[in-house]
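Q: The structure that follows is given in the form of C-alpha cells.
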Amino acid sequence: FGILKGLPESTKTSLPTIKTPPKPRFTAEGFEVLLPSPDDPAMAWRRNMRMVAWARSHASTGFEFNTPERVERQVLALKAEGFNTINNGVFFWNLAHTDRWDEGIEMTRMITHFAHKHGMKVIHHCDTTIVNHMGRGMEYLMAHPDWMQRDIRYGLPAFSIVCLSNPELRKELIGRFVRFARETGVDGFMLDEIIFASKDYCGCPHCRAKFTRDTGEVLPTDPNSPVFDNYEDPLWVKWIKWRQRCVGDWRLAFRREFKKVNPNLCYMVYTTHYGLTNRWAPREKGANLIQAARACDFVGTEIMSRNVYESCRAVYSYRKIKTAIGDSLGCSIWGLVYHVDNPVTAYVGWAMNQMNRQTTWMGAIAGADMKHYLKWPLRVKTEAARSVADVALLFSSTTRDFGKRFPGTVNGLGMSQVMTAGHIQHDVLLEADLRPERLSRYKMVLLPSIACLSDAQIAALRAYVDKGGVLLVSGNTSLQDENGVFRETFGLAGLLGLDIDPKKGSIKGDHAFQWRQDKANIPIPKYAFRVTPRADAGVEILADIVQQGKVVGPALTVRRLGEGTCYYLASPLGLVNFEGEKTPGKKWAFQPNQPVAGLLRRIVRESVPAGLDVQAVSVPERVFLSVHRQPGKDGEEILVHLLNLTGSGHLANGTVISNDTPKDAFPVIAKDLVFDLRLGMISAARIVSPDYADARPVTLGPRAGGVVRVTIKGSDLKTYSIVYLATQ
C-alpha cells in the first residue's frame, strides 16, 4: 500500500461549485426523474465518449499500475489509441474489499489525476450490492446478517446480496461512495447489480413496510398463499412492478447524494439486449432499465454478440430501442462492443452505434488502426442530431412483463428489422412517449401486439388519431390493461371498429393474406387473430385471411375517422421475420421470409399519408441507411449514414457461428446508390468517410413535389460513409 503514496496531496482534483438544483420532474406515472439537462455543457463530454477499460478483469486490484509513472504511461498509451474515457474497475467487488477501500481510493485518485492531466475522463465501475465471497466478503456477510435480502415466503436470507430497503445499509453504502467521489475526483460511477435475488425477494420487514407505504397493499405472510408467483393476481403484479420502481428509487437516492458532492457527476447504467427485451430480468430481478434511467444520465448496453457483423440485423433493431430511452428521458446512450480483437467487428459495432446517435465503449486492438474512425472529425453530433423518421413503433415494457399468450416484443423487433431492410426510417417509442407532443411528430404509429395498454394510453392514442394521425394496430394490441388483466374486447375497439373475444382461440396455423384489390396472395406460416367488424362502424376490409380456399376472417382493415385513420393487421408479420441476436458457438437458425417482409413494407408505405420523406430507389437491403438532421455551420444539415454490410447475411441454417468474418467483409458495390428525400431545399452535397481523406461529389436531381433525388457512386461506400446535405 505504501507504494501508492507517491502522488502528492496537492494533486487532488478540485470539484465544481454546486449550483442550485433544478426543480424535480416526474413521469406520467408519477415517478420522479432526477437527470441533468441534455444541453448542460458540463455533461457534453458523454456525447463524445470513447471509453476503454482500465482493469483487466473484475478481480483486478490495479496493482499492475501501482506507481505514478506506470499510471501516467498507461493513460498516455490509451489516449494514443484514440480513447478519451477510462472505465476503472479497481476493486470491483466493493463488499469483498471493505478492508482495502483506502487503497481503492488512492489508486483511483492517482488514475483520475493523470487522466485529467491529459484531457481524459474516469468512470469508476463496481458492483454495489452483491456479496462476493472472495477477499473479506464472507466476513462482511457474517458481520451484517440482517442486511441480507430475505425470501418473501419463509424469511430465509440470500447469502449473496444485500437489501435495497435497509436504511442502515443504504446509509453505509451511500456514505462510502460519496466519500469515494469526493476524494478521488472521478467523473462518474457505473454501479452494477442493484437488483433483487429473485422474484421472491425481498420480504424483510423494511421491504414489506415500504411496499405498503408505496402501494397501500399488504403482502401475505402465509407461505402457501395463492398470491405468490400468480400473475393472474393483481397483488402479485403490483409486487413485481413495485420492485422495479424500488430499484429506480434506490438509484435516485444515490444520485441525490452525489449531486451534493459534484452536480456534474455522470451516473451510468446498462443492460444487455436480452435483459431489455426479455421478461426474465424484470420479473426475477426487478431490473427495468427504463426505471433505472430516471436517475442515470448515461445509459448503455453490453452487446453480447461477439459477431455484430453477422448479427447486424438483430443488433441494429435493439440499438433503436436504446435510442428511444435516450430520446424519451434525455440521457446519453452508449454501446459496449465485444469485438474479440476482430477489426471488422469493432468497426461495424462503432458504425451501428453512430447510426443510432450513440457512443461506443470497446478495447484497443493491437496493430489495428482504430483512430481513423474513433477520432474521425466528421462523425455525427450525437448531442444535437435528430431523427427525420415519419414512422414510430411502440416498445412496451409492460407488455414484455405481463402480456399473455402471444410474443408481442419479438413481433415489434421483427417489424423493425423488416423496415430497416426496406430503408423505412422509423423510431421506437416508449410508453412514456404516448403523449400529444411526442406522437404528433409522426405520420404513422405502429402498435405491434402491444397487449397491455392503460385507459390513459388509449385516450392518448385516440387524441393522436383525432388530430390526423395514422395507427397501424397489430394482433392482440390493447386486449389487456396495464396489469395484464384481460378486457372483454380490444381497449381500442372504439377506434378500430372491431371486436375480439379473448376467450376464443386464434386462427391456427398456416394461412394466406389475400388482398381484395388485386387478389395477391401471400402465405403466412403463423396464426392470425379472429376479429369481427362492428355494424355501422364504417370498417373497410382491405384483405382477407384465407385457409384451404375459404375466407375465415379479415386480415387487414381500415377505419377512417375524420382526418385520422386506424388500420388493423390480424397476422403477426414481424414475428415471421424476427431474427434474434446470435452468439458464436451457436448454430445459425434464421432465413428471412421475403414475401411476408414485402407485404409489411407495402402496408406501411401505402398507409403513410403523403408518402415517406425518405425513399430508397436503388439501395441493397444489406446497405443499412439512417437519416438525421443536425445543426451545421451555416444552418441545418442532413446526414445520410450508409453502412456496407452486403457481405453478411449469407450463413446457411445449421452453420456454427464463430468470431470470424469473411475476408471480403465489405464487397465493392458496383451500382450507384440512389434515394429520394423530401426534407427541404438542398443546396450542396458531399460524401465523406473514415475510409478516405477527401470529400467526394454527390449528384442531386430535382423531382416533383419537393423531392430531391440523391445519387452516389457505389465505390464511394467502402465500409461506412455519411452523405452531408446542406439545406437552405
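Each chain of the C-alpha cells is named A, B, ... in the order shown, its residues numbered from 1; ligands are numbered from 1 in display order.
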Please run DSSP on the backbone and report, as a compact mmCIF listing (two decimals) with N, CA and C atoms, in the first residue's frame, all residues within segment 486-642 of chain A that come out as strand (DSSP E).

A:
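Ended up saving to states-v6.txt:
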```txt
# COMPACT_ATOMS: atom_id res chain seq x y z
N LEU A 498 -63.68 -2.73 -34.34
CA LEU A 498 -63.55 -4.19 -34.35
C LEU A 498 -63.70 -4.73 -32.94
N ASP A 499 -64.16 -5.97 -32.85
CA ASP A 499 -64.23 -6.67 -31.57
C ASP A 499 -63.49 -8.00 -31.68
N HIS A 511 -51.79 -19.83 -43.05
CA HIS A 511 -52.92 -19.23 -43.74
C HIS A 511 -52.34 -18.31 -44.81
N ALA A 512 -53.22 -17.68 -45.55
CA ALA A 512 -52.77 -16.75 -46.59
C ALA A 512 -53.41 -15.39 -46.36
N PHE A 513 -52.63 -14.36 -46.62
CA PHE A 513 -53.11 -12.98 -46.62
C PHE A 513 -53.46 -12.66 -48.07
N GLN A 514 -54.72 -12.35 -48.33
CA GLN A 514 -55.16 -12.11 -49.71
C GLN A 514 -55.76 -10.71 -49.84
N TRP A 515 -55.10 -9.89 -50.68
CA TRP A 515 -55.60 -8.55 -50.95
C TRP A 515 -56.93 -8.63 -51.72
N ASN A 521 -51.76 -13.01 -53.16
CA ASN A 521 -51.93 -13.98 -52.09
C ASN A 521 -50.56 -14.30 -51.49
N ILE A 522 -50.37 -14.01 -50.19
CA ILE A 522 -49.08 -14.21 -49.53
C ILE A 522 -49.25 -15.22 -48.40
N PRO A 523 -48.60 -16.38 -48.46
CA PRO A 523 -48.69 -17.37 -47.37
C PRO A 523 -48.06 -16.84 -46.08
N ILE A 524 -48.72 -17.09 -44.95
CA ILE A 524 -48.23 -16.67 -43.64
C ILE A 524 -48.09 -17.92 -42.76
N THR A 532 -64.10 -9.28 -35.53
CA THR A 532 -65.41 -9.05 -36.15
C THR A 532 -65.65 -7.55 -36.27
N PRO A 533 -65.86 -7.03 -37.48
CA PRO A 533 -66.18 -5.60 -37.61
C PRO A 533 -67.52 -5.27 -36.96
N GLU A 540 -63.68 -0.88 -43.42
CA GLU A 540 -63.44 -1.44 -44.76
C GLU A 540 -62.41 -2.57 -44.65
N ILE A 541 -62.74 -3.71 -45.23
CA ILE A 541 -61.82 -4.84 -45.22
C ILE A 541 -60.96 -4.76 -46.48
N LEU A 542 -59.65 -4.59 -46.28
CA LEU A 542 -58.72 -4.48 -47.41
C LEU A 542 -58.15 -5.82 -47.84
N ALA A 543 -58.10 -6.77 -46.91
CA ALA A 543 -57.54 -8.09 -47.23
C ALA A 543 -58.18 -9.13 -46.30
N ASP A 544 -58.21 -10.37 -46.77
CA ASP A 544 -58.84 -11.46 -46.03
C ASP A 544 -57.81 -12.51 -45.62
N ILE A 545 -58.15 -13.25 -44.55
CA ILE A 545 -57.40 -14.44 -44.17
C ILE A 545 -58.06 -15.63 -44.88
N VAL A 546 -57.26 -16.37 -45.61
CA VAL A 546 -57.77 -17.50 -46.41
C VAL A 546 -57.09 -18.78 -45.94
N GLN A 547 -57.91 -19.78 -45.63
CA GLN A 547 -57.41 -21.12 -45.29
C GLN A 547 -58.16 -22.15 -46.12
N LYS A 550 -60.89 -20.93 -48.33
CA LYS A 550 -62.06 -20.24 -47.77
C LYS A 550 -61.63 -19.01 -46.97
N VAL A 551 -62.41 -17.94 -47.08
CA VAL A 551 -62.18 -16.74 -46.28
C VAL A 551 -62.66 -17.03 -44.86
N VAL A 552 -61.77 -16.84 -43.87
CA VAL A 552 -62.12 -17.15 -42.49
C VAL A 552 -62.08 -15.92 -41.58
N GLY A 553 -61.78 -14.76 -42.14
CA GLY A 553 -61.80 -13.54 -41.34
C GLY A 553 -61.03 -12.42 -42.00
N PRO A 554 -61.15 -11.21 -41.46
CA PRO A 554 -60.41 -10.06 -42.02
C PRO A 554 -58.92 -10.16 -41.69
N ALA A 555 -58.09 -9.86 -42.67
CA ALA A 555 -56.64 -9.83 -42.45
C ALA A 555 -56.14 -8.41 -42.24
N LEU A 556 -56.70 -7.45 -42.97
CA LEU A 556 -56.33 -6.04 -42.84
C LEU A 556 -57.58 -5.21 -43.01
N THR A 557 -57.83 -4.34 -42.03
CA THR A 557 -59.00 -3.46 -42.11
C THR A 557 -58.55 -2.01 -41.96
N VAL A 558 -59.42 -1.09 -42.37
CA VAL A 558 -59.15 0.33 -42.20
C VAL A 558 -60.44 1.02 -41.79
N ARG A 559 -60.29 1.97 -40.89
CA ARG A 559 -61.43 2.81 -40.49
C ARG A 559 -60.95 4.25 -40.48
N ARG A 560 -61.61 5.09 -41.26
CA ARG A 560 -61.24 6.50 -41.37
C ARG A 560 -62.14 7.32 -40.46
N LEU A 561 -61.49 8.11 -39.60
CA LEU A 561 -62.19 8.89 -38.59
C LEU A 561 -61.81 10.36 -38.76
N GLY A 564 -58.06 11.38 -39.25
CA GLY A 564 -57.21 10.27 -38.83
C GLY A 564 -57.66 8.95 -39.41
N THR A 565 -56.78 7.94 -39.25
CA THR A 565 -57.04 6.62 -39.83
C THR A 565 -56.53 5.54 -38.89
N CYS A 566 -57.30 4.44 -38.79
CA CYS A 566 -56.89 3.28 -37.99
C CYS A 566 -56.88 2.03 -38.86
N TYR A 567 -55.72 1.39 -38.96
CA TYR A 567 -55.59 0.12 -39.65
C TYR A 567 -55.45 -0.99 -38.59
N TYR A 568 -55.96 -2.17 -38.94
CA TYR A 568 -55.77 -3.33 -38.07
C TYR A 568 -55.23 -4.48 -38.89
N LEU A 569 -54.16 -5.11 -38.39
CA LEU A 569 -53.49 -6.22 -39.05
C LEU A 569 -53.60 -7.45 -38.16
N VAL A 614 -38.28 9.76 -46.85
CA VAL A 614 -37.05 9.12 -47.33
C VAL A 614 -37.45 7.84 -48.05
N GLN A 615 -37.09 7.74 -49.32
CA GLN A 615 -37.45 6.57 -50.13
C GLN A 615 -36.21 6.04 -50.82
N ALA A 616 -35.86 4.79 -50.54
CA ALA A 616 -34.74 4.16 -51.25
C ALA A 616 -35.20 3.78 -52.66
N VAL A 617 -34.43 4.17 -53.65
CA VAL A 617 -34.74 3.84 -55.05
C VAL A 617 -33.89 2.66 -55.50
N SER A 618 -32.59 2.73 -55.22
CA SER A 618 -31.68 1.65 -55.57
C SER A 618 -30.62 1.54 -54.47
N VAL A 623 -27.26 -2.73 -47.27
CA VAL A 623 -26.66 -1.42 -47.03
C VAL A 623 -27.59 -0.71 -46.06
N PHE A 624 -27.19 -0.65 -44.80
CA PHE A 624 -28.03 0.00 -43.79
C PHE A 624 -27.99 1.50 -44.01
N LEU A 625 -29.15 2.14 -43.83
CA LEU A 625 -29.29 3.57 -44.11
C LEU A 625 -30.07 4.23 -42.98
N SER A 626 -29.52 5.30 -42.43
CA SER A 626 -30.26 6.09 -41.45
C SER A 626 -30.04 7.57 -41.73
N VAL A 627 -31.03 8.38 -41.39
CA VAL A 627 -31.02 9.80 -41.76
C VAL A 627 -31.31 10.65 -40.53
N HIS A 628 -30.49 11.69 -40.36
CA HIS A 628 -30.65 12.61 -39.23
C HIS A 628 -30.54 14.06 -39.71
N ARG A 629 -31.07 14.95 -38.90
CA ARG A 629 -30.80 16.37 -39.03
C ARG A 629 -29.89 16.78 -37.87
N GLN A 630 -29.01 17.76 -38.14
CA GLN A 630 -28.21 18.32 -37.07
C GLN A 630 -27.78 19.74 -37.46
N PRO A 631 -27.47 20.58 -36.48
CA PRO A 631 -27.01 21.93 -36.80
C PRO A 631 -25.68 21.90 -37.53
N GLY A 632 -25.54 22.77 -38.54
CA GLY A 632 -24.29 22.90 -39.28
C GLY A 632 -23.72 24.30 -39.11
N GLY A 635 -26.37 26.74 -40.87
CA GLY A 635 -27.76 26.31 -40.81
C GLY A 635 -27.86 24.82 -40.58
N GLU A 636 -29.00 24.27 -40.89
CA GLU A 636 -29.21 22.84 -40.65
C GLU A 636 -28.64 22.01 -41.77
N GLU A 637 -28.14 20.83 -41.42
CA GLU A 637 -27.65 19.90 -42.42
C GLU A 637 -28.29 18.53 -42.19
N ILE A 638 -28.40 17.78 -43.27
CA ILE A 638 -28.97 16.43 -43.23
C ILE A 638 -27.83 15.44 -43.41
N LEU A 639 -27.81 14.42 -42.56
CA LEU A 639 -26.80 13.38 -42.65
C LEU A 639 -27.46 12.06 -43.04
N VAL A 640 -26.98 11.47 -44.11
CA VAL A 640 -27.45 10.14 -44.52
C VAL A 640 -26.31 9.16 -44.28
N HIS A 641 -26.47 8.30 -43.27
CA HIS A 641 -25.45 7.31 -42.93
C HIS A 641 -25.65 6.07 -43.81
N LEU A 642 -24.56 5.52 -44.30
CA LEU A 642 -24.60 4.31 -45.13
C LEU A 642 -23.55 3.33 -44.60
```

Q: Using only C-alpha atoms, which residues sit within 9 Å of Pro145 of chain A once same-chain residues fewer than 5 positions away are excluded, as a PyMOL selection string?

A: chain A and resi 140+157+159+162

Q: List as CSV every residue of segment 424-461 of chain A that is in contact with segment 483-490 of chain A, defined as an atom at most 12 Å from one of its atoms (using only C-alpha atoms), together with the nearest atom pair and the distance in Å rounded to one decimal, sorted by chain and then rising number.

A:
```
residue,atom,partner,partner_atom,distance
A:Ser449,CA,A:Phe490,CA,11.6
A:Ile450,CA,A:Phe490,CA,11.1
A:Ala451,CA,A:Gly484,CA,8.0
A:Cys452,CA,A:Gly484,CA,6.1
A:Leu453,CA,A:Gly484,CA,8.8
A:Ser454,CA,A:Asn483,CA,8.4
A:Asp455,CA,A:Arg487,CA,11.1
A:Ile458,CA,A:Phe490,CA,10.3
```

Q: Write a file of the just-selected residues containing C-alpha atoms, as a PDB file, in the first residue's frame.

A:
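What landed in out-v3.pdb:
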```pdb
ATOM      1  CA  SER A 449     -49.010  -6.758 -30.497  1.00  0.00           C
ATOM      2  CA  ILE A 450     -48.922  -4.292 -27.596  1.00  0.00           C
ATOM      3  CA  ALA A 451     -51.205  -6.396 -25.408  1.00  0.00           C
ATOM      4  CA  CYS A 452     -51.134  -4.148 -22.328  1.00  0.00           C
ATOM      5  CA  LEU A 453     -52.416  -0.588 -22.629  1.00  0.00           C
ATOM      6  CA  SER A 454     -53.967   1.534 -19.895  1.00  0.00           C
ATOM      7  CA  ASP A 455     -57.117   3.608 -20.375  1.00  0.00           C
ATOM      8  CA  ILE A 458     -55.701   4.531 -25.132  1.00  0.00           C
TER       9      ILE A 458
END
```

Q: Would you kindly return, as number ranges by chain, each protein, DNA or RNA residue with an atom no farther than 10 Å from any atom of Ile682 of chain A, considering only C-alpha atoms and excluding same-chain residues fewer than 3 positions away?

A: A: 637-638, 677-679, 685, 700, 702, 707-708, 725-728

Q: Just write the chosen residues, N, CA and C atoms, as a compact mmCIF listing (two decimals), in the first residue's frame.

A:
```txt
# COMPACT_ATOMS: atom_id res chain seq x y z
N GLU A 637 -28.14 20.83 -41.42
CA GLU A 637 -27.65 19.90 -42.42
C GLU A 637 -28.29 18.53 -42.19
N ILE A 638 -28.40 17.78 -43.27
CA ILE A 638 -28.97 16.43 -43.23
C ILE A 638 -27.83 15.44 -43.41
N LEU A 677 -35.30 12.18 -51.24
CA LEU A 677 -35.53 12.87 -49.98
C LEU A 677 -36.53 14.00 -50.18
N ARG A 678 -37.42 14.14 -49.21
CA ARG A 678 -38.32 15.29 -49.18
C ARG A 678 -38.16 15.94 -47.81
N LEU A 679 -37.02 16.62 -47.66
CA LEU A 679 -36.63 17.18 -46.37
C LEU A 679 -36.22 18.63 -46.49
N ALA A 685 -24.03 19.11 -51.53
CA ALA A 685 -23.93 17.74 -51.05
C ALA A 685 -22.51 17.23 -51.25
N LEU A 700 -27.21 15.53 -57.37
CA LEU A 700 -28.56 15.89 -56.93
C LEU A 700 -29.43 16.13 -58.16
N PRO A 702 -33.56 17.21 -59.19
CA PRO A 702 -34.89 17.58 -58.70
C PRO A 702 -35.96 16.59 -59.14
N VAL A 707 -39.25 16.79 -53.91
CA VAL A 707 -38.38 15.65 -53.69
C VAL A 707 -37.05 15.86 -54.41
N VAL A 708 -35.96 15.54 -53.74
CA VAL A 708 -34.63 15.60 -54.35
C VAL A 708 -34.10 14.18 -54.48
N LEU A 725 -25.69 16.83 -46.52
CA LEU A 725 -26.53 17.65 -47.39
C LEU A 725 -26.84 18.96 -46.68
N ALA A 726 -26.43 20.07 -47.28
CA ALA A 726 -26.70 21.39 -46.70
C ALA A 726 -28.09 21.85 -47.15
N THR A 727 -28.88 22.36 -46.22
CA THR A 727 -30.23 22.82 -46.55
C THR A 727 -30.29 24.34 -46.50
N GLN A 728 -31.22 24.87 -47.26
CA GLN A 728 -31.42 26.32 -47.30
C GLN A 728 -32.45 26.75 -46.27
```

Q: Give the helix (DSSP H, G or I) residues of segment 202-235 of chain A, as DSSP finds them on the backbone, and put them as a list in words.

A: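 So the helix (DSSP H, G or I) residues in segment 202-235 of chain A would be Pro205, His206, Cys207, Arg208, Ala209, Lys210, Phe211, Thr212, Arg213, Asp214, Thr215, Pro234 and Leu235 of chain A.
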
Q: What does the distance between atom CA of Ala570 of chain A and atom CA of Arg602 of chain A come to in Å, to one decimal place?

A: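 For atom CA of Ala570 of chain A relative to atom CA of Arg602 of chain A, the distance reads 15.5 Å.
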